[in-house]
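For reference, query.cif is printed below; it contains mmCIF, C-alpha atoms.
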```cif
data_structure
loop_
_atom_site.label_atom_id
_atom_site.label_comp_id
_atom_site.auth_asym_id
_atom_site.auth_seq_id
_atom_site.Cartn_x
_atom_site.Cartn_y
_atom_site.Cartn_z
CA MET H 1 49.30 33.24 -22.44
CA ARG H 2 49.61 32.84 -18.72
CA TRP H 3 46.02 34.12 -18.34
CA ILE H 4 44.69 31.57 -20.88
CA ALA H 5 46.62 28.77 -19.24
CA ALA H 6 45.18 29.69 -15.86
CA TRP H 7 41.59 29.51 -17.19
CA ALA H 8 42.38 26.16 -18.80
CA LEU H 9 43.50 24.85 -15.45
CA LEU H 10 40.21 26.00 -13.92
CA ILE H 11 38.03 24.48 -16.66
CA VAL H 12 39.60 21.02 -16.60
CA PRO H 13 39.09 20.43 -12.88
CA ALA H 14 35.47 21.68 -13.16
CA SER H 15 34.75 19.05 -15.79
CA ALA H 16 36.43 16.44 -13.68
CA PHE H 17 34.40 17.49 -10.67
CA ALA H 18 31.14 17.18 -12.68
CA GLN H 19 32.08 13.67 -13.78
CA THR H 20 32.99 12.72 -10.23
CA ALA H 21 29.69 14.10 -8.91
CA GLU H 22 27.76 12.08 -11.49
CA GLU H 23 29.66 8.95 -10.55
CA ASP H 24 28.98 9.63 -6.87
CA VAL H 25 25.24 9.88 -7.53
CA CYS H 26 25.25 6.60 -9.46
CA THR H 27 27.29 4.93 -6.76
CA SER H 28 24.85 6.18 -4.12
CA PHE H 29 21.87 4.73 -6.01
CA GLU H 30 23.66 1.44 -6.51
CA SER H 31 24.53 1.30 -2.83
CA LEU H 32 20.93 2.09 -1.85
CA HIS H 33 19.56 -0.67 -4.06
CA ALA H 34 22.16 -3.15 -2.85
CA ARG H 35 21.35 -2.38 0.81
CA LEU H 36 17.64 -2.77 0.13
CA ALA H 37 18.15 -6.11 -1.58
CA GLU H 38 20.29 -7.37 1.29
CA ARG H 39 17.81 -6.29 3.96
CA VAL H 40 14.58 -7.37 2.28
CA ALA H 41 15.66 -10.51 0.37
CA PRO H 42 15.44 -12.97 3.30
CA ALA H 43 11.71 -12.28 3.70
CA VAL H 44 10.77 -12.44 -0.02
CA VAL H 45 9.54 -15.80 -1.30
CA SER H 46 8.57 -17.41 -4.58
CA VAL H 47 5.02 -18.78 -4.85
CA HIS H 48 4.44 -21.59 -7.34
CA VAL H 49 0.82 -22.55 -8.00
CA GLU H 50 -0.29 -25.64 -9.87
CA ARG H 51 -3.76 -25.36 -11.38
CA GLU H 52 -6.06 -27.43 -13.47
CA ARG H 53 -5.72 -26.01 -16.97
CA ASP H 54 -8.85 -25.20 -18.92
CA PRO H 55 -9.00 -26.11 -22.64
CA SER H 56 -8.75 -22.49 -23.83
CA GLU H 57 -5.51 -21.99 -21.89
CA ARG H 58 -4.10 -25.25 -23.23
CA ASN H 59 -4.77 -24.05 -26.78
CA ARG H 60 -2.96 -20.77 -26.10
CA SER H 61 0.01 -22.59 -24.60
CA GLU H 62 0.34 -24.81 -27.66
CA ARG H 63 0.73 -21.69 -29.81
CA GLY H 64 3.77 -20.73 -27.70
CA GLY H 65 5.52 -17.43 -26.98
CA TRP H 66 3.44 -14.29 -26.67
CA ALA H 67 0.56 -16.09 -28.34
CA ALA H 68 0.31 -18.23 -25.23
CA MET H 69 -0.38 -15.13 -23.18
CA MET H 70 -2.20 -12.87 -25.64
CA ASP H 71 -5.86 -13.00 -26.59
CA GLY H 72 -6.99 -10.44 -29.12
CA GLY H 73 -3.97 -8.24 -28.36
CA VAL H 74 -4.66 -8.06 -24.64
CA PHE H 75 -2.56 -9.80 -21.97
CA LYS H 76 -5.42 -11.44 -20.09
CA HIS H 77 -4.07 -14.83 -19.15
CA ARG H 78 -1.11 -15.89 -17.10
CA PRO H 79 0.00 -19.50 -17.64
CA SER H 80 -1.19 -21.74 -14.83
CA ASP H 81 2.29 -22.67 -13.68
CA SER H 82 3.85 -19.18 -13.71
CA PRO H 83 5.68 -18.39 -10.46
CA ALA H 84 4.70 -15.33 -8.46
CA SER H 85 5.98 -13.56 -5.36
CA GLY H 86 5.08 -13.16 -1.72
CA PHE H 87 6.73 -12.30 1.56
CA ILE H 88 6.87 -13.59 5.11
CA LEU H 89 4.41 -11.78 7.35
CA ASP H 90 5.06 -13.62 10.62
CA ALA H 91 8.03 -15.69 11.76
CA ASP H 92 5.86 -18.77 12.34
CA GLY H 93 5.04 -19.38 8.68
CA TRP H 94 2.37 -16.86 7.64
CA ILE H 95 2.97 -15.54 4.13
CA LEU H 96 1.21 -12.84 2.14
CA THR H 97 0.73 -12.78 -1.61
CA SER H 98 -1.95 -11.49 -3.96
CA HIS H 99 -5.38 -13.08 -4.37
CA PHE H 100 -4.84 -13.16 -8.14
CA ASN H 101 -1.73 -15.29 -7.66
CA VAL H 102 -3.64 -18.11 -5.98
CA SER H 103 -7.05 -17.76 -7.62
CA GLY H 104 -8.61 -20.34 -9.89
CA ASN H 105 -8.77 -24.12 -9.66
CA VAL H 106 -5.68 -24.65 -7.52
CA ARG H 107 -4.20 -28.13 -7.04
CA SER H 108 -1.21 -27.19 -4.91
CA VAL H 109 0.89 -24.23 -3.73
CA THR H 110 4.63 -24.43 -3.09
CA VAL H 111 6.65 -21.66 -1.46
CA THR H 112 10.39 -21.37 -2.03
CA LEU H 113 12.18 -19.51 0.75
CA ALA H 114 15.26 -17.36 0.27
CA ASP H 115 17.43 -20.14 1.72
CA GLY H 116 16.20 -22.55 -0.96
CA ARG H 117 13.75 -24.58 1.11
CA ARG H 118 10.61 -25.62 -0.78
CA LEU H 119 7.57 -25.94 1.46
CA GLU H 120 3.99 -26.92 0.74
CA ALA H 121 1.62 -24.05 1.54
CA ALA H 122 -2.06 -23.95 2.41
CA ILE H 123 -4.27 -21.08 1.29
CA ARG H 124 -5.82 -19.98 4.57
CA GLY H 125 -7.90 -17.09 3.25
CA SER H 126 -8.10 -14.54 0.47
CA ASN H 127 -9.84 -11.26 -0.28
CA ALA H 128 -10.49 -10.28 -3.90
CA THR H 129 -11.43 -6.72 -2.99
CA PHE H 130 -8.00 -6.11 -1.48
CA ASP H 131 -6.34 -8.60 -3.89
CA ILE H 132 -4.64 -10.24 -0.90
CA ALA H 133 -4.20 -13.89 0.09
CA LEU H 134 -2.73 -15.44 3.23
CA LEU H 135 -0.70 -18.66 3.02
CA LYS H 136 0.59 -20.92 5.78
CA VAL H 137 3.73 -23.07 5.72
CA GLU H 138 5.12 -25.27 8.47
CA ALA H 139 8.20 -23.35 9.55
CA LYS H 140 9.45 -21.37 12.53
CA GLU H 141 11.76 -18.42 13.17
CA LEU H 142 11.48 -17.06 9.63
CA PRO H 143 12.81 -13.58 8.79
CA THR H 144 10.26 -10.78 8.59
CA LEU H 145 10.14 -7.11 7.57
CA ARG H 146 9.85 -4.11 9.84
CA LYS H 147 6.88 -1.86 9.16
CA ALA H 148 7.43 1.69 7.96
CA PRO H 149 5.54 4.62 9.52
CA LEU H 150 2.74 5.64 7.17
CA GLU H 151 1.84 9.03 8.57
CA ALA H 152 4.74 10.64 6.67
CA LEU H 153 3.93 8.88 3.38
CA ARG H 154 4.05 11.47 0.60
CA THR H 155 4.02 11.87 -3.16
CA GLY H 156 7.52 11.58 -4.58
CA GLN H 157 8.83 9.34 -1.81
CA PHE H 158 11.28 6.64 -2.93
CA VAL H 159 9.91 3.09 -2.91
CA ALA H 160 10.96 -0.27 -4.32
CA ALA H 161 8.92 -3.34 -5.27
CA LEU H 162 10.64 -6.66 -4.71
CA GLY H 163 9.88 -10.15 -5.91
CA ARG H 164 11.40 -13.46 -6.94
CA ALA H 165 12.50 -14.39 -10.44
CA PRO H 166 11.12 -17.56 -12.10
CA ASP H 167 13.99 -19.65 -10.71
CA GLY H 168 12.65 -18.97 -7.21
CA ARG H 169 16.05 -17.91 -5.92
CA THR H 170 17.01 -14.69 -7.73
CA LEU H 171 15.67 -11.46 -6.26
CA THR H 172 14.07 -8.78 -8.43
CA LEU H 173 14.01 -5.10 -7.45
CA ASN H 174 12.04 -2.41 -9.28
CA PRO H 175 12.63 1.10 -7.90
CA GLY H 176 10.19 3.99 -8.17
CA ILE H 177 8.30 6.66 -6.26
CA VAL H 178 4.92 7.11 -4.63
CA SER H 179 2.86 8.62 -7.43
CA ALA H 180 -0.10 9.28 -5.17
CA PRO H 181 -1.32 8.18 -1.74
CA GLY H 182 -4.96 7.40 -1.06
CA ARG H 183 -5.67 5.13 -4.04
CA LEU H 184 -7.76 1.92 -4.24
CA ALA H 185 -10.63 3.71 -2.49
CA GLY H 186 -8.34 4.64 0.37
CA ARG H 187 -6.85 1.17 0.79
CA GLY H 188 -3.53 1.77 -0.88
CA ILE H 189 -1.08 3.84 -2.87
CA GLN H 190 -0.14 4.34 -6.50
CA VAL H 191 3.50 3.79 -7.44
CA ASP H 192 5.43 3.98 -10.69
CA CYS H 193 7.44 0.82 -10.01
CA ARG H 194 7.09 -1.55 -12.95
CA LEU H 195 4.78 -4.13 -11.47
CA ASN H 196 4.00 -7.36 -13.29
CA TYR H 197 2.57 -10.80 -12.67
CA GLY H 198 5.91 -11.98 -11.31
CA ASN H 199 6.38 -9.43 -8.52
CA ALA H 200 2.70 -8.91 -7.68
CA GLY H 201 2.19 -10.09 -4.12
CA GLY H 202 5.68 -9.02 -3.14
CA PRO H 203 6.51 -6.20 -0.72
CA VAL H 204 6.79 -2.50 -1.53
CA VAL H 205 9.34 -0.98 0.84
CA ASP H 206 10.85 2.39 1.71
CA ARG H 207 14.51 3.34 1.41
CA GLU H 208 15.23 1.65 4.75
CA GLY H 209 13.78 -1.64 3.56
CA ARG H 210 10.71 -1.29 5.77
CA LEU H 211 7.33 -2.58 4.63
CA LEU H 212 4.95 0.01 3.18
CA ALA H 213 2.52 -2.09 1.18
CA VAL H 214 1.82 -5.22 -0.86
CA ALA H 215 2.04 -4.96 -4.65
CA CYS H 216 -1.30 -5.95 -6.18
CA LYS H 217 -4.02 -5.05 -8.67
CA VAL H 218 -1.85 -5.59 -11.74
CA ASP H 219 -3.97 -4.45 -14.67
CA THR H 220 -5.03 -7.27 -16.97
CA LYS H 221 -7.55 -5.35 -19.08
CA PHE H 222 -5.36 -2.92 -21.02
CA ALA H 223 -2.04 -4.68 -20.60
CA GLY H 224 -1.65 -5.67 -24.25
CA SER H 225 -2.11 -2.11 -25.47
CA TYR H 226 -0.39 -0.13 -22.74
CA GLY H 227 2.04 -2.54 -21.08
CA GLN H 228 1.41 -4.54 -17.93
CA ASN H 229 0.90 -1.43 -15.87
CA SER H 230 2.31 1.45 -17.93
CA GLY H 231 4.04 2.91 -14.87
CA VAL H 232 0.81 2.88 -12.85
CA GLY H 233 0.98 0.25 -10.14
CA PHE H 234 -1.00 -0.18 -6.95
CA ALA H 235 -0.22 -1.54 -3.51
CA VAL H 236 -2.31 -2.03 -0.37
CA THR H 237 -0.71 -0.41 2.69
CA TRP H 238 0.02 -2.60 5.71
CA ASP H 239 -2.36 -0.74 8.02
CA LYS H 240 -5.30 -1.63 5.76
CA LEU H 241 -4.18 -5.25 5.73
CA ASP H 242 -4.62 -5.32 9.49
CA THR H 243 -8.37 -4.84 8.98
CA ILE H 244 -8.74 -8.12 7.03
CA LEU H 245 -6.01 -10.31 8.52
CA PRO H 246 -8.19 -11.68 11.36
CA ASP H 247 -10.67 -13.01 8.80
CA LEU H 248 -7.91 -14.46 6.63
CA ARG H 249 -6.28 -16.19 9.59
CA ALA H 250 -9.67 -17.64 10.52
CA GLY H 251 -10.00 -19.15 7.06
CA ARG H 252 -12.62 -16.77 5.70
CA SER H 253 -12.41 -15.61 2.09
CA VAL H 254 -14.06 -13.05 -0.16
CA GLY H 255 -13.93 -14.67 -3.57
CA GLU H 256 -15.17 -11.71 -5.57
CA SER H 257 -14.44 -8.03 -5.48
CA ARG H 258 -16.97 -6.33 -3.22
CA LYS H 259 -17.01 -2.55 -3.35
CA ALA H 260 -19.72 -0.75 -1.42
CA PHE H 261 -21.58 1.98 -3.32
CA LEU H 262 -23.61 4.90 -1.98
CA GLY H 263 -24.40 6.44 -5.36
CA ILE H 264 -23.39 10.09 -5.19
CA GLN H 265 -21.11 12.48 -7.01
CA ALA H 266 -19.62 15.42 -5.16
CA ASN H 267 -19.60 19.02 -6.34
CA SER H 268 -15.89 19.49 -7.01
CA GLU H 269 -16.23 23.29 -7.01
CA SER H 270 -17.90 23.49 -3.61
CA GLU H 271 -15.99 25.29 -0.87
CA VAL H 272 -18.18 24.24 2.05
CA GLU H 273 -16.91 21.93 4.78
CA GLY H 274 -18.36 18.52 4.15
CA VAL H 275 -19.38 16.89 0.88
CA GLU H 276 -21.87 18.82 -1.21
CA ILE H 277 -23.84 16.47 -3.45
CA ASP H 278 -23.94 17.31 -7.14
CA VAL H 279 -25.48 14.11 -8.53
CA VAL H 280 -27.57 11.37 -6.92
CA GLN H 281 -27.52 8.16 -8.97
CA PRO H 282 -31.02 6.87 -9.84
CA ALA H 283 -32.11 3.80 -7.84
CA SER H 284 -28.95 4.01 -5.74
CA ALA H 285 -28.67 3.61 -1.98
CA ALA H 286 -28.42 7.40 -1.68
CA GLU H 287 -31.63 8.03 -3.61
CA LYS H 288 -33.50 5.40 -1.63
CA ALA H 289 -32.28 7.06 1.58
CA GLY H 290 -33.69 10.42 0.47
CA VAL H 291 -30.47 12.21 -0.44
CA LYS H 292 -31.00 15.20 -2.76
CA ARG H 293 -28.81 17.36 -4.94
CA GLY H 294 -27.35 20.18 -2.86
CA ASP H 295 -27.32 18.20 0.40
CA ILE H 296 -24.08 18.43 2.35
CA VAL H 297 -22.84 15.26 4.05
CA VAL H 298 -21.29 16.34 7.36
CA GLU H 299 -21.17 13.07 9.29
CA PHE H 300 -20.99 9.40 8.28
CA GLU H 301 -21.14 6.49 10.70
CA GLY H 302 -20.47 8.81 13.62
CA ARG H 303 -17.39 10.39 12.03
CA ALA H 304 -17.17 14.03 10.93
CA VAL H 305 -16.80 14.40 7.16
CA ARG H 306 -14.80 17.37 5.91
CA ASN H 307 -14.09 16.33 2.32
CA PHE H 308 -14.89 13.69 -0.28
CA ASP H 309 -11.71 11.66 0.32
CA GLN H 310 -12.74 11.13 3.95
CA LEU H 311 -16.23 10.03 2.93
CA ARG H 312 -14.90 7.68 0.25
CA ALA H 313 -12.49 6.07 2.72
CA VAL H 314 -15.27 5.34 5.20
CA ILE H 315 -17.49 3.83 2.49
CA ALA H 316 -14.56 1.74 1.20
CA ALA H 317 -14.27 0.10 4.61
CA LYS H 318 -17.87 -1.14 4.31
CA GLN H 319 -19.38 -4.04 2.38
CA PRO H 320 -22.34 -4.06 -0.02
CA GLY H 321 -25.46 -4.63 2.05
CA ASP H 322 -24.16 -2.81 5.14
CA VAL H 323 -26.62 -0.36 6.66
CA VAL H 324 -25.03 3.02 7.39
CA LYS H 325 -26.20 6.15 9.18
CA PHE H 326 -25.17 9.64 8.17
CA LYS H 327 -26.12 13.29 8.54
CA VAL H 328 -26.70 15.86 5.83
CA LYS H 329 -27.37 19.57 5.96
CA ARG H 330 -30.28 20.74 3.81
CA GLY H 331 -31.09 24.39 3.98
CA GLY H 332 -31.12 25.36 7.63
CA GLU H 333 -31.67 21.90 9.10
CA THR H 334 -29.65 18.74 9.71
CA LEU H 335 -31.24 15.44 8.67
CA ASN H 336 -30.41 11.96 9.97
CA LEU H 337 -30.50 9.44 7.12
CA GLU H 338 -29.96 5.71 6.78
CA ALA H 339 -28.95 3.74 3.70
CA LYS H 340 -28.28 0.16 2.71
CA LEU H 341 -25.13 0.26 0.58
CA GLY H 342 -25.23 -1.29 -2.86
CA TRP H 343 -22.65 -2.75 -5.23
CA ALA H 344 -20.33 -0.55 -7.26
CA PRO H 345 -21.37 -0.46 -10.94
CA GLY H 346 -19.85 -3.21 -13.03
CA GLU H 347 -19.42 -5.64 -10.12
#
```
Just dump the structure as structure tokens.
Amino acid sequence: MRWIAAWALLIVPASAFAQTAEEDVCTSFESLHARLAERVAPAVVSVHVERERDPSERNRSERGGWAAMMDGGVFKHRPSDSPASGFILDADGWILTSHFNVSGNVRSVTVTLADGRRLEAAIRGSNATFDIALLKVEAKELPTLRKAPLEALRTGQFVAALGRAPDGRTLTLNPGIVSAPGRLAGRGIQVDCRLNYGNAGGPVVDREGRLLAVACKVDTKFAGSYGQNSGVGFAVTWDKLDTILPDLRAGRSVGESRKAFLGIQANSESEVEGVEIDVVQPASAAEKAGVKRGDIVVEFEGRAVRNFDQLRAVIAAKQPGDVVKFKVKRGGETLNLEAKLGWAPGE
């Protein structure tokens, strides 16, 4: 009996320890989320856009509820007056949000800061390819976010997407992980945070509350069937934003998505260094430049190319109509080619 009693004493504490460990994990997550909210909240804003409504949207609104947002089972339309999110980029009143948030026939834009101030905002520039827009409000000494180092960005890393609720004051926080880096043609990352029209344009941060990217590219095509993003969200990393910010600050906009297109498919089974071409699209920039099946792209715009991801990233930084120079190996010789990039299919 003493032996049984001794084992009982051992079993009970073990169960208690397991429960305590589980509670500790939950407490740690709660503390992490609370710290993130506290650090990031001052820089997250609500963006309210007033638009001219078109007749089709007015008819949907009159039907009310989901019918106001559904069209043939697909969530294609956001009501004109739905609030969205953004965040303060610079202390002197520069604010980032998504292009989608401020697209259309806009009458006015109002930004609500974390301290409750409501300020009129001007759309200084936007870029549909990046799905980014830059706003300007008259304010000084606003809180901003530190930038996270991106060189250590990896699949599985903790991230959180933050935004503002419809009341403009309440913060929203959707945790997740980096599902994959190098998405959006090299401009961004894929995350499993539940992105939606409300938090699109808000910041995606790391566990320290440092800026990684801007939530954008919320899917509107398959939303009715698969949810607003079905756990697949996208965000443009801050280093790629730096490439378009000068144009946005200067008031220049790209009103339609512009993706450059060379017109090749790589041989995924190739083990050579470079990009071995498997398919050349008919009438594409590549075909017009003389690219042939079996060619190996080894250099593009003066940069060595070791794999397809590198080549795709360089092309993504270009615009349709740009003339590019590249080198391919064909047999025992290296050829210098030139191509005028086209538009990606469907654009």
Note to self: With distances taken over all atoms listed in the file, which residue among H:Gly321, H:Gly186, H:Val45, H:Tyr197 lies nearest Val137 (chain H)?
What the structure shows: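 Of all the options, H:Val45 lies closest to Val137 (chain H).
Proximity ranking of H:Val297, H:Ala121, H:Leu89, H:Val178 relative to Glu50 (chain H) places H:Ala121 first, based on only C-alpha atoms.
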Item checked: Expected selection from the PyMOL selection byres ((chain H and resi 164) around 9), given as a list of chain:residue names ->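 With the PyMOL selection byres ((chain H and resi 164) around 9) on this model, the match is H:Ala41, H:Val44, H:Val45, H:Ser46, H:Val47, H:Pro83, H:Ala84, H:Ser85, H:Gly86, H:Leu162, H:Gly163, H:Ala165, H:Pro166, H:Asp167, H:Gly168, H:Arg169, H:Thr170, H:Leu171, H:Thr172, H:Leu173, H:Gly198, H:Asn199, H:Gly202.
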Note to self: the PyMOL selection byres ((chain H and resi 207-209) around 6) - which residues does that actually catch in the file I just gave you? List them as a PyMOL selection string.
What the structure shows: chain H and resi 36+40+205-206+210
Check: What is the CA of Lys318 (chain H) to CA of Val204 (chain H) distance in Å?
Finding: 25.4 Å
Notebook entry, point to check: If the PyMOL selection byres ((chain H and resi 275-291) around 9) is run on the structure shown, which residues does it catch, given as a ChimeraX atom specification?
Noted result: /H:261-268,270-274,292-298,305-308,311,328,337-342
Reconstructed region 143-177 of chain H, atom set N, CA and C atoms, as a PDB file, keeping the file's coordinate frame:
```pdb
ATOM      1  N   PRO H 143      12.533 -15.022   8.787  1.00  0.00           N
ATOM      2  CA  PRO H 143      12.810 -13.580   8.790  1.00  0.00           C
ATOM      3  C   PRO H 143      11.601 -12.773   8.331  1.00  0.00           C
ATOM      4  N   THR H 144      11.391 -11.637   8.930  1.00  0.00           N
ATOM      5  CA  THR H 144      10.260 -10.780   8.590  1.00  0.00           C
ATOM      6  C   THR H 144      10.746  -9.357   8.327  1.00  0.00           C
ATOM      7  N   LEU H 145       9.825  -8.502   7.872  1.00  0.00           N
ATOM      8  CA  LEU H 145      10.140  -7.110   7.570  1.00  0.00           C
ATOM      9  C   LEU H 145       9.603  -6.195   8.667  1.00  0.00           C
ATOM     10  N   ARG H 146      10.368  -5.163   8.967  1.00  0.00           N
ATOM     11  CA  ARG H 146       9.850  -4.110   9.840  1.00  0.00           C
ATOM     12  C   ARG H 146       8.823  -3.292   9.068  1.00  0.00           C
ATOM     13  N   LYS H 147       7.894  -2.688   9.790  1.00  0.00           N
ATOM     14  CA  LYS H 147       6.880  -1.860   9.160  1.00  0.00           C
ATOM     15  C   LYS H 147       7.299  -0.391   9.185  1.00  0.00           C
ATOM     16  N   ALA H 148       7.077   0.281   8.068  1.00  0.00           N
ATOM     17  CA  ALA H 148       7.430   1.690   7.960  1.00  0.00           C
ATOM     18  C   ALA H 148       6.298   2.551   8.514  1.00  0.00           C
ATOM     19  N   PRO H 149       6.605   3.693   9.114  1.00  0.00           N
ATOM     20  CA  PRO H 149       5.540   4.620   9.520  1.00  0.00           C
ATOM     21  C   PRO H 149       4.841   5.168   8.285  1.00  0.00           C
ATOM     22  N   LEU H 150       3.516   5.212   8.328  1.00  0.00           N
ATOM     23  CA  LEU H 150       2.740   5.640   7.170  1.00  0.00           C
ATOM     24  C   LEU H 150       2.266   7.074   7.253  1.00  0.00           C
ATOM     25  N   GLU H 151       2.351   7.676   8.438  1.00  0.00           N
ATOM     26  CA  GLU H 151       1.840   9.030   8.570  1.00  0.00           C
ATOM     27  C   GLU H 151       2.647  10.041   7.762  1.00  0.00           C
ATOM     28  N   ALA H 152       3.906   9.713   7.448  1.00  0.00           N
ATOM     29  CA  ALA H 152       4.740  10.640   6.670  1.00  0.00           C
ATOM     30  C   ALA H 152       4.775  10.278   5.188  1.00  0.00           C
ATOM     31  N   LEU H 153       3.958   9.301   4.770  1.00  0.00           N
ATOM     32  CA  LEU H 153       3.930   8.880   3.380  1.00  0.00           C
ATOM     33  C   LEU H 153       3.539  10.053   2.490  1.00  0.00           C
ATOM     34  N   ARG H 154       4.304  10.282   1.419  1.00  0.00           N
ATOM     35  CA  ARG H 154       4.050  11.470   0.600  1.00  0.00           C
ATOM     36  C   ARG H 154       4.354  11.171  -0.872  1.00  0.00           C
ATOM     37  N   THR H 155       3.748  11.973  -1.740  1.00  0.00           N
ATOM     38  CA  THR H 155       4.020  11.870  -3.160  1.00  0.00           C
ATOM     39  C   THR H 155       5.484  12.202  -3.439  1.00  0.00           C
ATOM     40  N   GLY H 156       6.120  11.386  -4.251  1.00  0.00           N
ATOM     41  CA  GLY H 156       7.520  11.580  -4.580  1.00  0.00           C
ATOM     42  C   GLY H 156       8.476  10.771  -3.732  1.00  0.00           C
ATOM     43  N   GLN H 157       7.967  10.120  -2.687  1.00  0.00           N
ATOM     44  CA  GLN H 157       8.830   9.340  -1.810  1.00  0.00           C
ATOM     45  C   GLN H 157       9.377   8.119  -2.543  1.00  0.00           C
ATOM     46  N   PHE H 158      10.651   7.806  -2.309  1.00  0.00           N
ATOM     47  CA  PHE H 158      11.280   6.640  -2.930  1.00  0.00           C
ATOM     48  C   PHE H 158      10.659   5.355  -2.387  1.00  0.00           C
ATOM     49  N   VAL H 159      10.390   4.417  -3.287  1.00  0.00           N
ATOM     50  CA  VAL H 159       9.910   3.090  -2.910  1.00  0.00           C
ATOM     51  C   VAL H 159      10.572   2.067  -3.838  1.00  0.00           C
ATOM     52  N   ALA H 160      10.474   0.821  -3.470  1.00  0.00           N
ATOM     53  CA  ALA H 160      10.960  -0.270  -4.320  1.00  0.00           C
ATOM     54  C   ALA H 160      10.041  -1.466  -4.160  1.00  0.00           C
ATOM     55  N   ALA H 161       9.714  -2.107  -5.279  1.00  0.00           N
ATOM     56  CA  ALA H 161       8.920  -3.340  -5.270  1.00  0.00           C
ATOM     57  C   ALA H 161       9.856  -4.511  -5.491  1.00  0.00           C
ATOM     58  N   LEU H 162       9.748  -5.513  -4.623  1.00  0.00           N
ATOM     59  CA  LEU H 162      10.640  -6.660  -4.710  1.00  0.00           C
ATOM     60  C   LEU H 162       9.858  -7.944  -4.948  1.00  0.00           C
ATOM     61  N   GLY H 163      10.509  -8.872  -5.633  1.00  0.00           N
ATOM     62  CA  GLY H 163       9.880 -10.150  -5.910  1.00  0.00           C
ATOM     63  C   GLY H 163      10.943 -11.199  -6.168  1.00  0.00           C
ATOM     64  N   ARG H 164      10.494 -12.356  -6.608  1.00  0.00           N
ATOM     65  CA  ARG H 164      11.400 -13.460  -6.940  1.00  0.00           C
ATOM     66  C   ARG H 164      11.293 -13.776  -8.427  1.00  0.00           C
ATOM     67  N   ALA H 165      12.453 -14.017  -9.033  1.00  0.00           N
ATOM     68  CA  ALA H 165      12.500 -14.390 -10.440  1.00  0.00           C
ATOM     69  C   ALA H 165      11.954 -15.806 -10.616  1.00  0.00           C
ATOM     70  N   PRO H 166      11.692 -16.233 -11.865  1.00  0.00           N
ATOM     71  CA  PRO H 166      11.120 -17.560 -12.100  1.00  0.00           C
ATOM     72  C   PRO H 166      11.901 -18.716 -11.501  1.00  0.00           C
ATOM     73  N   ASP H 167      13.221 -18.542 -11.293  1.00  0.00           N
ATOM     74  CA  ASP H 167      13.990 -19.650 -10.710  1.00  0.00           C
ATOM     75  C   ASP H 167      13.721 -19.810  -9.217  1.00  0.00           C
ATOM     76  N   GLY H 168      12.991 -18.867  -8.622  1.00  0.00           N
ATOM     77  CA  GLY H 168      12.650 -18.970  -7.210  1.00  0.00           C
ATOM     78  C   GLY H 168      13.741 -18.532  -6.267  1.00  0.00           C
ATOM     79  N   ARG H 169      14.918 -18.265  -6.783  1.00  0.00           N
ATOM     80  CA  ARG H 169      16.050 -17.910  -5.920  1.00  0.00           C
ATOM     81  C   ARG H 169      16.505 -16.453  -6.141  1.00  0.00           C
ATOM     82  N   THR H 170      16.520 -16.029  -7.408  1.00  0.00           N
ATOM     83  CA  THR H 170      17.010 -14.690  -7.730  1.00  0.00           C
ATOM     84  C   THR H 170      16.012 -13.622  -7.307  1.00  0.00           C
ATOM     85  N   LEU H 171      16.517 -12.571  -6.696  1.00  0.00           N
ATOM     86  CA  LEU H 171      15.670 -11.460  -6.260  1.00  0.00           C
ATOM     87  C   LEU H 171      15.494 -10.468  -7.397  1.00  0.00           C
ATOM     88  N   THR H 172      14.298  -9.877  -7.497  1.00  0.00           N
ATOM     89  CA  THR H 172      14.070  -8.780  -8.430  1.00  0.00           C
ATOM     90  C   THR H 172      13.771  -7.521  -7.631  1.00  0.00           C
ATOM     91  N   LEU H 173      14.227  -6.375  -8.129  1.00  0.00           N
ATOM     92  CA  LEU H 173      14.010  -5.100  -7.450  1.00  0.00           C
ATOM     93  C   LEU H 173      13.669  -4.042  -8.484  1.00  0.00           C
ATOM     94  N   ASN H 174      12.478  -3.461  -8.369  1.00  0.00           N
ATOM     95  CA  ASN H 174      12.040  -2.410  -9.280  1.00  0.00           C
ATOM     96  C   ASN H 174      11.847  -1.121  -8.489  1.00  0.00           C
ATOM     97  N   PRO H 175      12.743  -0.138  -8.656  1.00  0.00           N
ATOM     98  CA  PRO H 175      12.630   1.100  -7.900  1.00  0.00           C
ATOM     99  C   PRO H 175      11.579   2.038  -8.492  1.00  0.00           C
ATOM    100  N   GLY H 176      11.152   3.001  -7.697  1.00  0.00           N
ATOM    101  CA  GLY H 176      10.190   3.990  -8.170  1.00  0.00           C
ATOM    102  C   GLY H 176       9.893   5.009  -7.092  1.00  0.00           C
ATOM    103  N   ILE H 177       8.759   5.676  -7.246  1.00  0.00           N
ATOM    104  CA  ILE H 177       8.300   6.660  -6.260  1.00  0.00           C
ATOM    105  C   ILE H 177       6.827   6.438  -5.970  1.00  0.00           C
TER     106      ILE H 177
END
```
